[in-house]
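A.B. asks: So here's coords.cif (mmCIF, C-alpha atoms (C1' of nucleotides)).
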data_data
loop_
_atom_site.label_atom_id
_atom_site.label_comp_id
_atom_site.auth_asym_id
_atom_site.auth_seq_id
_atom_site.Cartn_x
_atom_site.Cartn_y
_atom_site.Cartn_z
CA MET U 1 -49.83 -88.81 -57.18
CA THR U 2 -49.74 -85.38 -55.66
CA THR U 3 -52.87 -83.27 -55.98
CA PHE U 4 -53.25 -79.55 -55.49
CA GLU U 5 -55.64 -80.23 -52.62
CA GLU U 6 -52.96 -82.17 -50.80
CA ILE U 7 -50.53 -79.31 -51.16
CA LEU U 8 -53.06 -76.79 -49.93
CA ASN U 9 -54.13 -78.93 -46.99
CA SER U 10 -50.59 -79.68 -45.97
CA ASN U 11 -50.18 -76.04 -45.02
CA LYS U 12 -49.98 -76.09 -41.25
CA ILE U 13 -48.79 -72.54 -40.74
CA PHE U 14 -50.70 -70.01 -42.80
CA GLU U 15 -54.41 -69.39 -42.61
CA ASP U 16 -54.46 -66.35 -44.90
CA ARG U 17 -51.00 -65.25 -45.95
CA ASN U 18 -52.54 -62.28 -47.69
CA ALA U 19 -53.05 -60.52 -44.36
CA LEU U 20 -49.31 -59.93 -44.17
CA SER U 21 -49.08 -58.41 -47.62
CA PRO U 22 -48.44 -54.67 -47.79
CA HIS U 23 -51.48 -54.39 -50.06
CA PHE U 24 -53.84 -55.86 -47.51
CA VAL U 25 -56.37 -53.37 -46.20
CA PRO U 26 -57.78 -54.43 -42.84
CA ASP U 27 -61.27 -53.39 -41.76
CA LEU U 28 -59.80 -51.78 -38.72
CA LEU U 29 -56.60 -49.77 -38.58
CA LEU U 30 -55.06 -49.48 -35.17
CA TYR U 31 -53.67 -46.12 -34.04
CA ARG U 32 -54.88 -44.31 -37.13
CA GLU U 33 -58.43 -43.47 -36.05
CA GLU U 34 -57.63 -39.77 -35.74
CA GLU U 35 -56.17 -39.61 -39.24
CA LEU U 36 -59.03 -41.63 -40.69
CA LYS U 37 -61.53 -39.31 -39.11
CA ARG U 38 -59.85 -36.21 -40.49
CA MET U 39 -59.83 -37.69 -43.96
CA MET U 40 -63.47 -38.66 -43.69
CA VAL U 41 -64.40 -35.18 -42.47
CA ALA U 42 -62.59 -33.71 -45.44
CA LEU U 43 -64.40 -35.95 -47.90
CA ALA U 44 -67.82 -36.15 -46.24
CA PRO U 45 -69.32 -33.21 -48.19
CA ILE U 46 -69.25 -35.16 -51.44
CA ILE U 47 -71.91 -37.51 -50.12
CA ASN U 48 -74.26 -34.54 -50.18
CA GLY U 49 -73.06 -33.51 -53.58
CA LYS U 50 -70.74 -30.75 -52.39
CA LYS U 51 -67.06 -30.48 -53.04
CA GLY U 52 -64.72 -32.24 -50.64
CA LYS U 53 -61.29 -31.05 -49.60
CA ASN U 54 -58.20 -32.32 -51.35
CA ILE U 55 -55.95 -34.21 -48.98
CA PHE U 56 -52.22 -34.53 -48.87
CA ILE U 57 -50.61 -37.21 -46.74
CA TYR U 58 -46.98 -37.31 -45.78
CA GLY U 59 -45.18 -39.94 -43.72
CA LYS U 60 -42.37 -42.46 -43.76
CA THR U 61 -42.67 -45.91 -45.33
CA GLY U 62 -44.79 -48.32 -43.37
CA SER U 63 -46.62 -45.68 -41.35
CA GLY U 64 -50.03 -46.68 -42.69
CA LYS U 65 -50.57 -43.95 -45.27
CA THR U 66 -51.73 -46.13 -48.12
CA SER U 67 -53.75 -48.47 -45.94
CA SER U 68 -55.56 -45.57 -44.26
CA ALA U 69 -56.36 -43.85 -47.52
CA ARG U 70 -57.56 -47.05 -49.13
CA LEU U 71 -59.71 -47.79 -46.12
CA VAL U 72 -61.35 -44.40 -46.53
CA LEU U 73 -62.00 -45.23 -50.18
CA ASN U 74 -63.52 -48.55 -49.10
CA ARG U 75 -65.81 -46.72 -46.73
CA LEU U 76 -67.02 -44.59 -49.61
CA GLU U 77 -67.94 -47.65 -51.66
CA PRO U 78 -71.48 -47.97 -50.21
CA TYR U 79 -72.30 -44.52 -51.63
CA ARG U 80 -71.95 -45.62 -55.21
CA SER U 81 -75.69 -44.86 -55.58
CA ASN U 82 -74.95 -41.24 -54.69
CA GLY U 83 -72.69 -41.18 -57.70
CA ILE U 84 -69.48 -41.56 -55.75
CA TYR U 85 -66.62 -43.35 -57.48
CA THR U 86 -63.12 -43.91 -56.18
CA PHE U 87 -59.89 -44.61 -58.02
CA TYR U 88 -56.59 -45.87 -56.71
CA MET U 89 -53.49 -44.98 -58.71
CA ASN U 90 -50.01 -46.14 -57.97
CA CYS U 91 -47.93 -43.41 -59.51
CA ARG U 92 -44.98 -45.75 -59.81
CA VAL U 93 -47.00 -47.26 -62.66
CA TYR U 94 -49.12 -44.31 -63.75
CA ASP U 95 -46.38 -41.70 -63.70
CA SER U 96 -47.75 -38.95 -65.93
CA ARG U 97 -50.97 -37.00 -66.16
CA TYR U 98 -51.73 -38.74 -69.43
CA LYS U 99 -51.36 -42.20 -67.92
CA VAL U 100 -53.47 -41.26 -64.92
CA LEU U 101 -56.38 -40.00 -67.02
CA GLN U 102 -55.98 -42.92 -69.38
CA LYS U 103 -56.25 -45.37 -66.51
CA ILE U 104 -59.32 -43.70 -65.03
CA LEU U 105 -61.10 -43.69 -68.36
CA SER U 106 -60.26 -47.29 -69.07
CA GLU U 107 -61.79 -48.20 -65.70
CA ILE U 108 -65.04 -46.34 -66.30
CA LYS U 109 -65.39 -47.18 -69.97
CA HIS U 110 -64.59 -50.78 -70.63
CA ASN U 111 -64.00 -50.47 -74.32
CA PHE U 112 -61.83 -47.39 -74.07
CA ALA U 113 -58.87 -47.60 -76.43
CA LYS U 114 -55.46 -47.95 -74.82
CA SER U 115 -53.89 -45.07 -76.68
CA GLY U 116 -54.22 -42.80 -79.64
CA HIS U 117 -56.25 -40.07 -77.99
CA SER U 118 -54.99 -36.60 -77.35
CA PHE U 119 -54.77 -35.44 -73.78
CA THR U 120 -57.50 -32.85 -74.36
CA LEU U 121 -59.85 -35.53 -75.54
CA LEU U 122 -59.18 -37.65 -72.46
CA TYR U 123 -59.83 -34.65 -70.29
CA GLU U 124 -63.11 -33.82 -72.00
CA GLU U 125 -64.21 -37.44 -71.78
CA LEU U 126 -63.58 -37.37 -68.05
CA VAL U 127 -65.43 -34.09 -67.50
CA ASP U 128 -68.28 -35.44 -69.56
CA TRP U 129 -68.49 -38.60 -67.57
CA ILE U 130 -68.45 -36.78 -64.24
CA GLU U 131 -71.16 -34.39 -65.34
CA ASN U 132 -73.01 -37.43 -66.61
CA ASN U 133 -74.81 -35.48 -69.28
CA ALA U 134 -77.36 -37.87 -70.67
CA LYS U 135 -76.42 -38.06 -74.29
CA ASN U 136 -79.45 -40.13 -75.27
CA SER U 137 -81.70 -38.07 -72.98
CA ASP U 138 -82.71 -41.10 -70.98
CA HIS U 139 -85.36 -39.38 -68.87
CA ALA U 140 -87.03 -42.66 -68.05
CA ASN U 141 -84.64 -43.05 -65.16
CA PRO U 142 -83.64 -39.65 -63.78
CA ALA U 143 -81.60 -41.27 -61.01
CA GLN U 144 -79.17 -42.35 -63.68
CA ASN U 145 -78.66 -38.76 -64.63
CA HIS U 146 -77.02 -37.57 -61.45
CA ALA U 147 -73.66 -35.92 -61.64
CA ARG U 148 -70.83 -38.03 -60.29
CA HIS U 149 -68.33 -37.35 -57.56
CA ILE U 150 -64.97 -38.96 -57.90
CA VAL U 151 -62.07 -39.36 -55.53
CA ILE U 152 -58.64 -40.10 -56.94
CA LEU U 153 -55.98 -41.51 -54.66
CA LEU U 154 -52.51 -40.82 -56.02
CA ASP U 155 -50.10 -43.05 -54.17
CA GLU U 156 -46.39 -42.15 -54.35
CA ILE U 157 -47.41 -38.96 -56.07
CA ASP U 158 -43.82 -37.68 -56.06
CA LEU U 159 -43.00 -40.16 -58.83
CA VAL U 160 -45.20 -38.37 -61.34
CA GLY U 161 -43.04 -36.65 -63.93
CA ASP U 162 -45.27 -33.74 -64.93
CA LEU U 163 -46.62 -33.36 -61.44
CA ASP U 164 -47.48 -29.69 -61.67
CA SER U 165 -49.63 -30.11 -64.72
CA LEU U 166 -51.32 -33.20 -63.27
CA VAL U 167 -52.29 -31.41 -60.06
CA TYR U 168 -53.23 -28.31 -62.00
CA THR U 169 -55.39 -30.22 -64.47
CA LEU U 170 -57.18 -32.26 -61.85
CA THR U 171 -57.88 -29.37 -59.50
CA ARG U 172 -59.00 -27.20 -62.40
CA THR U 173 -61.48 -29.88 -63.37
CA ASN U 174 -63.80 -28.64 -60.63
CA ASP U 175 -64.04 -25.25 -62.34
CA ASP U 176 -64.91 -26.83 -65.66
CA LEU U 177 -67.57 -28.93 -64.00
CA HIS U 178 -69.74 -25.96 -62.93
CA LEU U 179 -70.83 -27.86 -59.84
CA ARG U 180 -72.22 -30.72 -61.87
CA GLY U 181 -70.11 -33.27 -60.07
CA THR U 182 -66.82 -32.93 -58.25
CA LEU U 183 -63.32 -34.31 -58.27
CA SER U 184 -61.32 -34.75 -55.09
CA LEU U 185 -57.69 -35.72 -54.76
CA ILE U 186 -55.74 -37.61 -52.15
CA GLY U 187 -51.97 -37.41 -52.63
CA ILE U 188 -49.51 -39.60 -50.76
CA SER U 189 -45.78 -39.07 -50.56
CA ASN U 190 -42.97 -40.19 -48.31
CA ARG U 191 -40.48 -37.56 -49.38
CA VAL U 192 -39.93 -34.54 -47.22
CA ASN U 193 -38.73 -32.39 -50.08
CA PHE U 194 -41.77 -33.26 -52.16
CA LYS U 195 -43.36 -29.86 -51.88
CA SER U 196 -40.34 -28.12 -53.33
CA LYS U 197 -41.05 -29.90 -56.61
CA LEU U 198 -44.44 -28.21 -56.83
CA ASP U 199 -45.25 -24.60 -57.49
CA ALA U 200 -47.14 -22.62 -54.89
CA ARG U 201 -50.53 -22.83 -56.59
CA SER U 202 -50.41 -26.59 -56.86
CA ILE U 203 -49.36 -26.90 -53.23
CA SER U 204 -52.24 -24.83 -51.93
CA SER U 205 -54.80 -26.66 -54.02
CA LEU U 206 -53.50 -30.12 -53.22
CA CYS U 207 -52.92 -29.51 -49.52
CA GLU U 208 -56.32 -28.24 -48.44
CA GLU U 209 -56.15 -30.85 -45.74
CA GLU U 210 -52.69 -31.97 -44.76
CA LEU U 211 -51.87 -35.02 -42.67
CA VAL U 212 -48.56 -36.17 -41.30
CA PHE U 213 -48.36 -39.82 -40.31
CA GLN U 214 -45.94 -40.42 -37.45
CA PRO U 215 -44.03 -43.70 -37.41
CA TYR U 216 -45.35 -46.42 -35.12
CA ASN U 217 -43.52 -47.21 -31.90
CA ALA U 218 -42.67 -50.74 -30.74
CA THR U 219 -45.80 -51.15 -28.61
CA GLN U 220 -48.08 -50.04 -31.40
CA LEU U 221 -46.29 -52.27 -33.87
CA SER U 222 -46.71 -55.31 -31.68
CA GLN U 223 -50.46 -54.63 -31.38
CA ILE U 224 -50.72 -54.29 -35.14
CA LEU U 225 -48.71 -57.45 -35.71
CA THR U 226 -50.76 -59.42 -33.20
CA GLU U 227 -53.90 -58.43 -35.03
CA ARG U 228 -52.57 -59.29 -38.47
CA CYS U 229 -51.00 -62.55 -37.34
CA ARG U 230 -54.35 -63.60 -35.90
CA ILE U 231 -55.75 -63.44 -39.43
CA ALA U 232 -52.68 -64.68 -41.27
CA PHE U 233 -51.68 -67.72 -39.24
CA LYS U 234 -53.47 -70.74 -37.88
CA PRO U 235 -54.11 -70.56 -34.11
CA ASP U 236 -51.22 -70.99 -31.66
CA ILE U 237 -48.53 -70.81 -34.32
CA VAL U 238 -46.88 -67.55 -33.42
CA GLN U 239 -45.20 -67.04 -30.07
CA GLU U 240 -45.83 -63.71 -28.43
CA SER U 241 -42.11 -63.09 -27.97
CA ALA U 242 -41.60 -63.54 -31.71
CA ILE U 243 -44.09 -60.78 -32.38
CA ASN U 244 -42.42 -58.54 -29.83
CA LEU U 245 -39.04 -59.17 -31.38
CA ALA U 246 -40.27 -58.36 -34.87
CA SER U 247 -41.89 -55.20 -33.51
CA ALA U 248 -38.73 -54.11 -31.74
CA ILE U 249 -36.66 -54.67 -34.89
CA ALA U 250 -39.11 -52.76 -37.04
CA ALA U 251 -39.36 -49.96 -34.49
CA SER U 252 -35.63 -49.44 -34.76
CA GLU U 253 -36.05 -49.36 -38.54
CA ASN U 254 -38.02 -46.11 -38.48
CA GLY U 255 -41.18 -47.77 -37.17
CA ASP U 256 -41.84 -49.40 -40.50
CA ALA U 257 -44.91 -51.61 -40.17
CA ARG U 258 -44.40 -52.98 -43.65
CA TYR U 259 -41.01 -54.30 -42.58
CA ALA U 260 -42.52 -55.88 -39.46
CA LEU U 261 -45.10 -57.66 -41.62
CA LEU U 262 -42.40 -58.79 -44.02
CA LEU U 263 -40.46 -60.29 -41.13
CA MET U 264 -43.46 -62.27 -39.93
CA SER U 265 -44.22 -63.41 -43.43
CA ARG U 266 -40.67 -64.62 -44.00
CA ALA U 267 -40.60 -66.24 -40.57
CA GLY U 268 -43.78 -68.09 -41.50
CA GLU U 269 -42.27 -69.29 -44.75
CA LEU U 270 -39.23 -70.54 -42.85
CA ALA U 271 -41.38 -72.43 -40.37
CA GLU U 272 -43.35 -73.89 -43.23
CA SER U 273 -40.33 -75.10 -45.16
CA GLN U 274 -38.79 -76.63 -42.04
CA ASN U 275 -42.04 -78.22 -40.91
CA LEU U 276 -42.05 -76.40 -37.59
CA GLN U 277 -45.10 -76.18 -35.36
CA ARG U 278 -44.41 -72.72 -34.03
CA ILE U 279 -42.82 -69.45 -35.00
CA THR U 280 -40.28 -68.38 -32.40
CA ASP U 281 -37.66 -65.66 -31.98
CA LYS U 282 -35.24 -67.84 -33.89
CA GLU U 283 -37.33 -67.74 -37.06
CA VAL U 284 -37.75 -63.99 -36.77
CA GLU U 285 -34.00 -63.51 -36.41
CA GLU U 286 -33.46 -65.75 -39.40
CA ALA U 287 -36.10 -63.87 -41.36
CA ARG U 288 -34.37 -60.63 -40.56
CA LYS U 289 -31.10 -61.96 -41.96
CA ILE U 290 -32.81 -63.00 -45.17
CA ALA U 291 -34.60 -59.67 -45.45
CA ASP U 292 -31.39 -57.76 -44.86
CA GLU U 293 -29.53 -59.75 -47.48
CA ASP U 294 -32.32 -59.33 -49.98
CA LYS U 295 -32.14 -55.63 -49.38
CA ALA U 296 -28.35 -55.54 -49.68
CA PHE U 297 -28.43 -57.36 -52.98
CA GLU U 298 -31.10 -55.08 -54.24
CA ILE U 299 -28.78 -52.20 -53.43
CA ILE U 300 -25.75 -53.91 -54.97
CA SER U 301 -27.54 -54.59 -58.23
CA THR U 302 -28.30 -50.89 -58.68
CA LEU U 303 -24.76 -49.75 -57.86
CA PRO U 304 -22.56 -48.06 -60.48
CA GLU U 305 -20.25 -50.43 -62.33
CA HIS U 306 -17.02 -49.60 -60.56
CA GLN U 307 -18.53 -49.89 -57.12
CA LYS U 308 -19.65 -53.37 -58.10
CA LEU U 309 -16.14 -54.19 -59.30
CA LEU U 310 -14.78 -52.92 -56.00
CA LEU U 311 -17.16 -55.13 -54.04
CA TYR U 312 -16.37 -58.08 -56.25
CA GLY U 313 -12.67 -57.60 -55.59
CA LEU U 314 -13.25 -57.30 -51.86
CA ALA U 315 -15.37 -60.46 -51.91
CA THR U 316 -12.61 -62.43 -53.63
CA LEU U 317 -10.18 -61.21 -51.00
CA VAL U 318 -12.45 -62.32 -48.17
CA GLU U 319 -12.83 -65.73 -49.78
CA GLU U 320 -9.10 -66.36 -49.67
CA ILE U 321 -8.55 -68.45 -46.56
CA HIS U 322 -4.80 -68.07 -46.21
CA TYR U 323 -4.76 -64.28 -45.97
CA LYS U 324 -5.76 -63.51 -42.41
CA ARG U 325 -3.45 -60.70 -41.52
CA LEU U 326 -5.99 -58.53 -39.79
CA ILE U 327 -9.00 -59.63 -37.85
CA ASP U 328 -11.44 -57.48 -35.90
CA GLU U 329 -12.89 -58.14 -32.46
CA VAL U 330 -15.65 -60.43 -33.80
CA GLY U 331 -13.24 -62.42 -35.96
CA GLU U 332 -14.10 -60.77 -39.29
CA LYS U 333 -11.38 -60.17 -41.82
CA LEU U 334 -10.23 -56.62 -42.43
CA TYR U 335 -8.43 -55.31 -45.47
CA SER U 336 -6.49 -52.11 -45.92
CA SER U 337 -7.67 -49.76 -48.61
CA GLY U 338 -4.41 -50.27 -50.52
CA GLU U 339 -4.93 -54.01 -50.68
CA VAL U 340 -8.51 -53.64 -51.81
CA TYR U 341 -7.54 -51.07 -54.43
CA GLU U 342 -4.93 -53.42 -55.84
CA ARG U 343 -7.47 -56.23 -56.05
CA TYR U 344 -10.01 -53.91 -57.56
CA CYS U 345 -7.51 -53.00 -60.29
CA SER U 346 -6.82 -56.63 -61.11
CA VAL U 347 -10.56 -57.35 -61.28
CA CYS U 348 -10.92 -54.44 -63.70
CA LYS U 349 -8.09 -55.83 -65.80
CA LYS U 350 -9.61 -59.29 -65.86
CA TRP U 351 -13.00 -57.94 -66.90
CA GLY U 352 -11.47 -55.65 -69.47
CA LYS U 353 -12.48 -52.44 -67.72
CA SER U 354 -10.44 -49.31 -67.18
CA THR U 355 -9.51 -48.53 -63.57
CA ARG U 356 -10.49 -45.45 -61.63
CA SER U 357 -7.86 -43.52 -59.71
CA SER U 358 -7.21 -44.35 -56.08
CA ARG U 359 -8.57 -40.98 -55.07
CA TRP U 360 -11.93 -41.78 -56.57
CA PHE U 361 -11.72 -45.28 -55.19
CA ARG U 362 -11.74 -43.73 -51.72
CA GLU U 363 -14.92 -41.90 -52.57
CA TYR U 364 -16.43 -45.22 -53.66
CA ILE U 365 -15.51 -46.72 -50.33
CA ALA U 366 -17.29 -43.91 -48.53
CA ASP U 367 -20.38 -44.31 -50.74
CA ILE U 368 -20.64 -48.04 -50.24
CA GLU U 369 -20.11 -47.69 -46.52
CA SER U 370 -22.97 -45.24 -46.24
CA LEU U 371 -25.15 -47.90 -47.82
CA GLY U 372 -24.11 -50.35 -45.11
CA ILE U 373 -22.58 -52.97 -47.36
CA ILE U 374 -19.10 -52.51 -45.95
CA GLN U 375 -17.77 -51.11 -42.69
CA THR U 376 -14.55 -49.22 -42.20
CA VAL U 377 -12.32 -48.32 -39.27
CA THR U 378 -9.22 -46.16 -39.20
CA SER U 379 -6.12 -48.19 -38.54
CA GLY U 380 -4.58 -47.77 -35.11
CA LYS U 381 -1.65 -49.55 -33.54
CA GLY U 382 -0.17 -52.64 -35.13
CA LEU U 383 0.00 -51.32 -38.63
CA ARG U 384 2.39 -48.93 -40.18
CA GLY U 385 1.05 -45.81 -41.71
CA HIS U 386 -2.43 -44.44 -41.69
CA THR U 387 -5.10 -46.33 -43.57
CA THR U 388 -8.71 -47.37 -43.59
CA LEU U 389 -9.52 -50.96 -42.77
CA ILE U 390 -12.44 -52.37 -44.72
CA LYS U 391 -14.79 -55.18 -43.79
CA LEU U 392 -17.46 -56.78 -45.95
CA CYS U 393 -20.76 -57.04 -44.07
CA TYR U 394 -22.27 -59.86 -46.13
CA ASP U 395 -21.43 -63.32 -47.36
CA PRO U 396 -18.76 -62.88 -50.07
CA ALA U 397 -20.16 -65.66 -52.27
CA LYS U 398 -23.55 -63.95 -52.30
CA VAL U 399 -22.03 -60.57 -52.97
CA LYS U 400 -20.13 -62.01 -55.94
CA ALA U 401 -23.26 -63.71 -57.21
CA SER U 402 -25.31 -60.53 -57.10
CA VAL U 403 -22.60 -58.57 -58.87
CA GLU U 404 -22.38 -61.23 -61.58
CA LYS U 405 -26.14 -61.47 -61.94
CA SER U 406 -26.60 -57.75 -62.40
CA SER U 407 -23.85 -57.03 -64.88
"C1'" DC B 408 13.96 -37.45 -32.66
"C1'" DC B 409 13.70 -37.78 -37.40
"C1'" DT B 410 12.26 -40.03 -41.46
"C1'" DC B 411 9.46 -42.96 -44.08
"C1'" DC B 412 5.33 -45.28 -45.04
"C1'" DA B 413 0.66 -45.64 -46.56
"C1'" DC B 414 -2.52 -43.63 -46.96
"C1'" DA B 415 -6.70 -39.48 -46.10
"C1'" DG B 416 -8.90 -36.04 -48.06
"C1'" DG B 417 -8.96 -31.00 -49.83
"C1'" DA B 418 -8.37 -28.09 -54.13
"C1'" DA B 419 -8.15 -27.36 -58.83
"C1'" DG B 420 -9.13 -28.50 -63.17
"C1'" DC B 421 -10.81 -31.30 -67.21
"C1'" DG B 422 -14.14 -33.36 -70.46
"C1'" DC B 423 -18.67 -34.30 -71.17
"C1'" DA B 424 -23.90 -34.27 -71.05
"C1'" DG B 425 -27.93 -31.93 -70.77
"C1'" DG B 426 -30.77 -27.84 -69.98
"C1'" DA B 427 -31.53 -22.77 -70.58
"C1'" DG B 428 -31.19 -18.87 -73.24
"C1'" DT B 429 -31.10 -16.67 -77.87
"C1'" DA N 430 -29.48 -24.65 -84.53
"C1'" DC N 431 -26.28 -22.42 -81.86
"C1'" DT N 432 -23.85 -21.00 -77.73
"C1'" DC N 433 -23.50 -20.68 -72.83
"C1'" DC N 434 -23.65 -22.51 -68.49
"C1'" DT N 435 -23.83 -25.75 -64.97
"C1'" DG N 436 -23.40 -30.07 -62.67
"C1'" DC N 437 -21.16 -34.40 -62.52
"C1'" DG N 438 -17.71 -37.94 -62.61
"C1'" DC N 439 -13.23 -38.15 -62.62
"C1'" DT N 440 -7.95 -37.26 -62.53
"C1'" DT N 441 -3.95 -34.86 -60.88
"C1'" DC N 442 -1.60 -32.69 -57.45
"C1'" DC N 443 -0.77 -31.69 -52.96
"C1'" DT N 444 -0.64 -31.24 -47.96
"C1'" DG N 445 -1.72 -33.62 -43.62
"C1'" DT N 446 -1.59 -37.48 -40.29
"C1'" DG N 447 -0.18 -41.02 -37.05
"C1'" DG N 448 2.41 -45.02 -36.18
"C1'" DA N 449 6.81 -47.83 -37.41
"C1'" DG N 450 11.56 -48.23 -37.81
"C1'" DG N 451 16.13 -46.68 -37.44
#
For the structure just supplied, provide its representation as structure tokens.

C.D. replies:
Amino acid sequence: MTTFEEILNSNKIFEDRNALSPHFVPDLLLYREEELKRMMVALAPIINGKKGKNIFIYGKTGSGKTSSARLVLNRLEPYRSNGIYTFYMNCRVYDSRYKVLQKILSEIKHNFAKSGHSFTLLYEELVDWIENNAKNSDHANPAQNHARHIVILLDEIDLVGDLDSLVYTLTRTNDDLHLRGTLSLIGISNRVNFKSKLDARSISSLCEEELVFQPYNATQLSQILTERCRIAFKPDIVQESAINLASAIAASENGDARYALLLMSRAGELAESQNLQRITDKEVEEARKIADEDKAFEIISTLPEHQKLLLYGLATLVEEIHYKRLIDEVGEKLYSSGEVYERYCSVCKKWGKSTRSSRWFREYIADIESLGIIQTVTSGKGLRGHTTLIKLCYDPAKVKASVEKSS
DNA sequence: CCTCCACAGGAAGCGCAGGAGT
DNA sequence: ACTCCTGCGCTTCCTGTGGAGG
């Protein structure tokens, strides 16, 4: 009989898989000391009961924004006795000012009702709690009557719908508090155009301290990976060259550390499932393929209907073995846009959908190409006329499956 | 060389949805 | 509640392009 202990002990690869998760916050963040320091300087005043600066962080995915900010919050934890409380909000989940306040209140008051309160009430509750006005005049313990200082980290802040009112409300809170307690904000976004969504007042209040996180380069990534892999894997599992390869790949993908970690994690899973002793370049390459395909299918599933139909048609064409009229230099099958359009139309017919015109079909081709799912070349010699030759970049069976699954 | 093929891709316009103005 | 406007997805029409075939 198999026991859970046996399963857990049979794991020869991972020591602590969690260290590769994007949510993992290490005690030490490499190459972000400067940024950490600036954030800590901005927030340090609250330890003495003064108002800290609001911070806005901008940077591409996987540049350490969230990890750095969370680490700063962790470093504030020991000051709980000074009345300092921190809150982490993922705005993908808490995407309105109501939800944000609601979440904070449900964290500080355990029996707080999930809904049914007006926004004003939530706001007053929060102000009350920060001021910590002793309602039962509990003078026996004056230490319990200190005003509180809270820091709210708003991750992916650009996803908040009523962003202006959220920022306005939260920054205004400090005025309503009359220096009995403070509220500081840290906003994180990876969109360049984020600021244009805000009005000028909100920008100036949110961006009292502004940080831009530069992407990591390959050398930095490999240091970071080495460190994380030391925690995540059992000793002598990961080859150094594998780490370097993952770093180089991630560096070319905008220096995305999250992607580098994902590669190592997938490589580890591969090694585990194949009972390997070591993780080598081969596993990383393999992991990259899997990650790429996952990504492609994620993109496909969110595509508009007719672009899916187009891809489905192209996939059925590629699957036909006998039709090998055109082949590119690596032996991949190419199809002219006319052929693909014809197939697309017959797929539409079969599925009972109306067809789009060929003009619009060409726009679809351009769209899908920009997403990297297909590649096109202009026809040269060997073919009459002037056309675009289309190549599917992924396994046709998998493309078909992901179209079917998502429709 | 001319013509035809098989498209590429610009321009104009159409119907509709959703937001602003009244 | 209503018009007006604008943007979007799309069709229709049209001119342009480069090689193939006669």

A.B. asks: Expand the PyMOL selection byres ((chain B and resi 419) around 10) into the individual residues it matches in the shown file, reporting them as a list in words.

C.D. replies: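 Written out, the selection comes to DG417, DA418, DG420 and DC421 of chain B; DT441 and DC442 of chain N.
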
A.B. asks: Expand the PyMOL selection byres ((chain N and resi 438) around 10) into the explicit residue set it covers here, and present it as a PyMOL selection string.

C.D. replies: (chain U and resi 360) or (chain B and resi 422-423) or (chain N and resi 436-437+439-440)

A.B. asks: Please return, as a ChimeraX atom specification, all residues of chain B lying within 6 Å of chain U when all atoms listed in the file are considered.

C.D. replies: /B:412-414

A.B. asks: For chain N, which residues have at least one atom within 7 Å of chain U, if we go by all atoms listed in the file? Write them as a PyMOL selection string, please.

C.D. replies: chain N and resi 440+447-449

A.B. asks: Enter the distance from CA of Leu101 in chain U to CA of His178 in chain U, in Å, rounded to one decimal.

C.D. replies: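 One can read the CA of Leu101 in chain U to CA of His178 in chain U distance as 19.8 Å.
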
A.B. asks: If the PyMOL selection byres ((chain B and resi 428) around 9) were run on this exact file, what residues would it hold? Put them as a compact mmCIF listing (two decimals) with C-alpha atoms (C1' of nucleotides), in the frame of the given file.

C.D. replies:
# COMPACT_ATOMS: atom_id res chain seq x y z
C1' DA B 427 -31.53 -22.77 -70.58
C1' DT B 429 -31.10 -16.67 -77.87
C1' DT N 432 -23.85 -21.00 -77.73
C1' DC N 433 -23.50 -20.68 -72.83

A.B. asks: What is the CA of Lys12 in chain U-CA of Thr219 in chain U distance in Å, reported with one decimal?

C.D. replies: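 Pair CA of Lys12 in chain U / CA of Thr219 in chain U returns 28.3 Å.
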
A.B. asks: Tell me, as an NGL selection string, which residues lie within 8 Å of range 258-275 of chain U, counting all atoms listed in the file; anything in the same chain fewer than 4 positions away does not count.

C.D. replies: :U and (11-14 or 17 or 20-22 or 61-63 or 221 or 225 or 229 or 243 or 246-247 or 249-250 or 279 or 283-284 or 286-288 or 291)

A.B. asks: In Å to one decimal, how far is CA of Lys405 in chain U from CA of Leu310 in chain U?

C.D. replies: 15.4 Å
